[in-house]
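Asker: Next comes query_32.csv, CSV, C-alpha atoms:
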```csv
chain,number,residue,atom,x,y,z
B,1,MET,CA,-51.1,-29.8,237.7
B,2,LYS,CA,-51.4,-26.0,237.8
B,3,LYS,CA,-47.9,-25.8,239.3
B,4,ILE,CA,-46.4,-27.9,236.5
B,5,LEU,CA,-48.1,-25.7,233.9
B,6,VAL,CA,-46.9,-22.5,235.5
B,7,LEU,CA,-43.4,-23.9,235.8
B,8,ALA,CA,-43.3,-25.0,232.2
B,9,MET,CA,-44.5,-21.6,231.0
B,10,GLY,CA,-41.8,-20.0,233.1
B,11,LEU,CA,-39.1,-22.1,231.6
B,12,PHE,CA,-40.4,-21.3,228.1
B,13,VAL,CA,-40.3,-17.6,228.8
B,14,LEU,CA,-36.8,-17.8,230.2
B,15,SER,CA,-35.5,-19.8,227.3
B,16,ASN,CA,-37.0,-17.3,224.9
B,17,TYR,CA,-35.5,-14.4,226.9
B,18,ASN,CA,-32.1,-16.1,226.6
B,19,TYR,CA,-32.6,-16.6,222.9
B,20,ALA,CA,-33.4,-12.9,222.5
B,21,GLN,CA,-30.4,-11.8,224.6
B,22,ASN,CA,-27.9,-14.0,222.9
B,23,GLY,CA,-29.3,-14.3,219.4
B,24,GLN,CA,-29.0,-18.0,219.6
B,25,LYS,CA,-30.4,-20.9,221.6
B,26,ALA,CA,-28.6,-21.6,224.8
B,27,SER,CA,-26.9,-24.9,224.8
B,28,LYS,CA,-27.1,-27.2,227.8
B,29,LYS,CA,-23.3,-27.2,228.0
B,30,SER,CA,-22.6,-23.5,227.7
B,31,LEU,CA,-18.9,-22.8,227.9
B,32,VAL,CA,-17.9,-20.9,230.9
B,33,VAL,CA,-14.7,-18.9,230.3
B,34,PRO,CA,-12.8,-18.1,233.4
B,35,THR,CA,-12.6,-14.4,234.3
B,36,ALA,CA,-8.8,-14.4,234.1
B,37,VAL,CA,-9.0,-15.8,230.5
B,38,ALA,CA,-11.6,-13.3,229.4
B,39,GLN,CA,-9.7,-10.4,231.0
B,40,SER,CA,-6.4,-11.4,229.4
B,41,PHE,CA,-8.1,-11.7,226.0
B,42,ALA,CA,-9.7,-8.3,226.4
B,43,LYS,CA,-6.3,-6.8,227.3
B,44,ASP,CA,-4.5,-8.5,224.4
B,45,PHE,CA,-7.2,-7.9,221.7
B,46,ALA,CA,-9.1,-4.8,222.8
B,47,GLY,CA,-12.4,-4.3,221.1
B,48,VAL,CA,-12.5,-7.8,219.6
B,49,LYS,CA,-15.4,-10.1,220.2
B,50,PRO,CA,-14.4,-13.8,220.2
B,51,LYS,CA,-16.2,-17.1,219.8
B,52,TRP,CA,-14.8,-19.3,222.6
B,53,SER,CA,-14.2,-23.1,222.5
B,54,LYS,CA,-12.4,-25.6,224.7
B,55,GLU,CA,-9.1,-27.1,223.5
B,56,ASP,CA,-8.2,-29.8,226.1
B,57,ALA,CA,-7.8,-27.9,229.4
B,58,ASN,CA,-7.3,-24.6,227.6
B,59,PHE,CA,-9.6,-22.0,226.0
B,60,GLU,CA,-9.5,-21.0,222.4
B,61,ALA,CA,-10.8,-17.6,221.2
B,62,ASN,CA,-11.6,-17.4,217.4
B,63,PHE,CA,-12.0,-14.0,216.0
B,64,LYS,CA,-11.3,-11.5,213.2
B,65,LYS,CA,-8.9,-8.6,213.7
B,66,GLU,CA,-8.2,-6.1,211.0
B,67,GLY,CA,-9.7,-8.4,208.4
B,68,LYS,CA,-7.6,-11.4,209.5
B,69,THR,CA,-9.0,-14.6,210.8
B,70,MET,CA,-7.2,-15.5,214.0
B,71,SER,CA,-7.3,-17.5,217.2
B,72,ALA,CA,-5.6,-17.3,220.6
B,73,VAL,CA,-5.2,-20.1,223.1
B,74,TYR,CA,-5.2,-19.3,226.8
B,75,GLY,CA,-4.4,-21.5,229.8
B,76,PRO,CA,-7.1,-21.6,232.5
B,77,SER,CA,-5.3,-19.0,234.6
B,78,GLY,CA,-5.3,-16.5,231.7
B,79,ASN,CA,-1.8,-17.0,230.3
B,80,LEU,CA,-1.6,-16.6,226.5
B,81,MET,CA,-0.1,-19.8,225.1
B,82,GLU,CA,-0.2,-19.1,221.3
B,83,THR,CA,-1.8,-17.2,218.6
B,84,GLU,CA,-2.7,-18.4,215.1
B,85,GLU,CA,-3.3,-16.3,212.0
B,86,ASP,CA,-4.7,-17.8,208.8
B,87,ILE,CA,-2.6,-17.0,205.7
B,88,PRO,CA,-3.2,-17.8,202.0
B,89,VAL,CA,-1.8,-21.2,201.1
B,90,ALA,CA,0.3,-19.4,198.4
B,91,HIS,CA,2.2,-17.7,201.1
B,92,LEU,CA,3.7,-20.9,202.5
B,93,MET,CA,7.4,-21.5,201.8
B,94,GLN,CA,8.2,-23.7,198.8
B,95,SER,CA,9.9,-26.2,201.1
B,96,ILE,CA,6.5,-26.8,202.8
B,97,LYS,CA,4.7,-27.2,199.5
B,98,ASP,CA,7.4,-29.6,198.3
B,99,TYR,CA,7.1,-31.7,201.5
B,100,VAL,CA,3.3,-32.0,201.0
B,101,ALA,CA,3.7,-32.9,197.3
B,102,LYS,CA,6.2,-35.6,198.2
B,103,ASN,CA,4.5,-37.1,201.3
B,104,TYR,CA,0.8,-36.5,200.5
B,105,LYS,CA,0.7,-37.3,196.7
B,106,GLY,CA,-2.4,-36.0,195.1
B,107,LYS,CA,-3.5,-34.1,198.2
B,108,LYS,CA,-3.9,-30.3,198.4
B,109,ILE,CA,-3.2,-28.0,201.3
B,110,LYS,CA,-6.7,-26.9,202.4
B,111,GLU,CA,-5.6,-24.1,204.9
B,112,ALA,CA,-2.5,-22.5,206.1
B,113,ALA,CA,-1.5,-20.5,209.2
B,114,ILE,CA,1.3,-18.9,211.2
B,115,ILE,CA,1.5,-20.0,214.8
B,116,THR,CA,3.3,-17.8,217.3
B,117,ARG,CA,3.9,-19.4,220.7
B,118,ALA,CA,4.2,-17.4,224.0
B,119,ASN,CA,8.0,-17.9,224.0
B,120,GLY,CA,8.2,-16.2,220.5
B,121,GLU,CA,8.7,-19.5,218.6
B,122,VAL,CA,7.0,-19.2,215.1
B,123,ASN,CA,5.7,-22.3,213.2
B,124,TYR,CA,3.8,-22.8,210.1
B,125,GLU,CA,0.7,-25.0,209.8
B,126,ALA,CA,-0.6,-26.7,206.7
B,127,GLU,CA,-3.9,-28.6,206.8
B,128,VAL,CA,-3.8,-31.6,204.5
B,129,ASP,CA,-6.1,-34.6,204.4
B,130,GLY,CA,-7.6,-34.0,207.8
B,131,LYS,CA,-4.2,-33.4,209.5
B,132,ASP,CA,-2.4,-30.3,210.7
B,133,LEU,CA,1.2,-30.5,209.5
B,134,LEU,CA,3.6,-28.4,211.6
B,135,PHE,CA,6.8,-26.8,210.3
B,136,THR,CA,9.5,-24.7,211.7
B,137,LYS,CA,10.0,-21.0,210.8
B,138,GLN,CA,12.6,-22.3,208.3
B,139,GLY,CA,10.1,-24.7,206.7
B,140,GLN,CA,11.4,-28.0,208.2
B,141,PHE,CA,8.7,-30.6,209.0
B,142,ILE,CA,8.1,-31.1,212.8
B,143,LYS,CA,5.1,-33.4,213.1
B,144,ALA,CA,1.5,-34.2,211.9
B,145,VAL,CA,-1.4,-33.8,214.3
B,146,ASN,CA,-4.9,-35.1,213.6
B,147,ASP,CA,-7.3,-32.2,213.1
```
Would you put the structure from the file into structure tokens?
Answerer:
Amino acid sequence: MKKILVLAMGLFVLSNYNYAQNGQKASKKSLVVPTAVAQSFAKDFAGVKPKWSKEDANFEANFKKEGKTMSAVYGPSGNLMETEEDIPVAHLMQSIKDYVAKNYKGKKIKEAAIITRANGEVNYEAEVDGKDLLFTKQGQFIKAVND
């Protein structure tokens, strides 16, 4: 019984130590970001502290840089796949706004972003009714993706 009590107290102390170190409770499924991914991010966005999440097999870093809300998606080996920068909805092209008005009657664009892929391709994203609508750099509709 004494061993169980000592073990329980030890676990309690360790969990409180982890809380003090991280400023938040440790989850049972803490995300482990591969070293190559963390190093690539640190090189690409020096001095920025990200919040990591998993996106399929990839790793997404959400962060603010120079007052802009951004994200970057990296493959497991550390290759940058795309960056996304939030923009005001008002900055979307008129053709995108027209598409939404015609195809999502009565719905508003909740958020907007510019996506730059690793190959240099630029797309626009408009979040409408729980979907991410993707458009070319010229404002032509590509596809809708469930958010």
Asker: How far is it from CA of Asp86 in chain B to CA of Thr69 in chain B, in Å with one decimal?
Answerer: 5.7 Å
Asker: Using only C-alpha atoms, which protein or nucleic acid residues come within 6 Å of Val89 in chain B? Drop anything in the same chain fewer than 2 positions from it, and give the result as a count of residues only.
Answerer: 3
Asker: Tell me which of B:Ile96, B:Leu134, B:Val48, B:Ala126 sits closest to Asn62 in chain B, counting all atoms listed in the file.
Answerer: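 Result for the nearest residue to Asn62 in chain B: B:Val48.
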Asker: Give the answer as one residue: which of B:Lys137, B:Gly106, B:Glu55, B:Ala38 has the shortest atom-to-atom distance to Gly120 in chain B, using all atoms listed in the file?
Answerer: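 Ranking B:Lys137, B:Gly106, B:Glu55, B:Ala38 by distance to Gly120 in chain B, first place goes to B:Lys137.
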Asker: One number please: CA of Pro50 in chain B to CA of Lys64 in chain B, in Å, one decimal.
Answerer: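 Atom-to-atom, CA of Pro50 in chain B and CA of Lys64 in chain B are spaced 8.0 Å apart.
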Asker: Would you kindly return, as a list in words, each protein, DNA or RNA residue with an atom no farther than 12 Å from any atom of Gln39 in chain B, considering all atoms listed in the file and excluding same-chain residues fewer than 2 positions away?
Answerer: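 Near neighbours after the sequence-gap exclusion: Val33, Pro34, Thr35, Ala36, Val37, Phe41, Ala42, Lys43, Asp44, Phe45, Ala46, Gly47, Tyr74, Pro76, Ser77, Gly78, Asn79 and Leu80 of chain B.
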Asker: Taking (-9.8, -21.0, 226.3) in the file's coordinates as the center, which residues reach within 6 Å of it, counting all atoms listed in the file, put as a count of residues only?
Answerer: 6
Asker: Could you check how far CA of Pro88 in chain B sits from CA of Ala118 in chain B, in Å to one decimal?
Answerer: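 Separating CA of Pro88 in chain B from CA of Ala118 in chain B is a distance of 23.2 Å.
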Asker: What box, with edges along x, y and z, holds each listed atom of range 110-128 of chain B when 8 Å is added on every side, and can you state its centre and edge lengths in Å to one decimal, as lines of an AutoDock Vina configuration file?
Answerer:
```
center_x = 1.0
center_y = -23.9
center_z = 213.2
size_x = 31.4
size_y = 31.4
size_z = 37.6
```
Asker: Find, counting only C-alpha atoms, the residue in B:Tyr99, B:Tyr104, B:Glu111, B:Met70 that gets nearest to Ile142 in chain B.
Answerer: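 Distance minimum relative to Ile142 in chain B lands on B:Tyr99.
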Asker: Glu121 in chain B: which residues within 12 Å, counting all atoms listed in the file, same-chain residues fewer than 6 positions away excluded, as a VMD selection string?
Answerer: chain B and resid 81 to 84 114 to 115 135 to 138
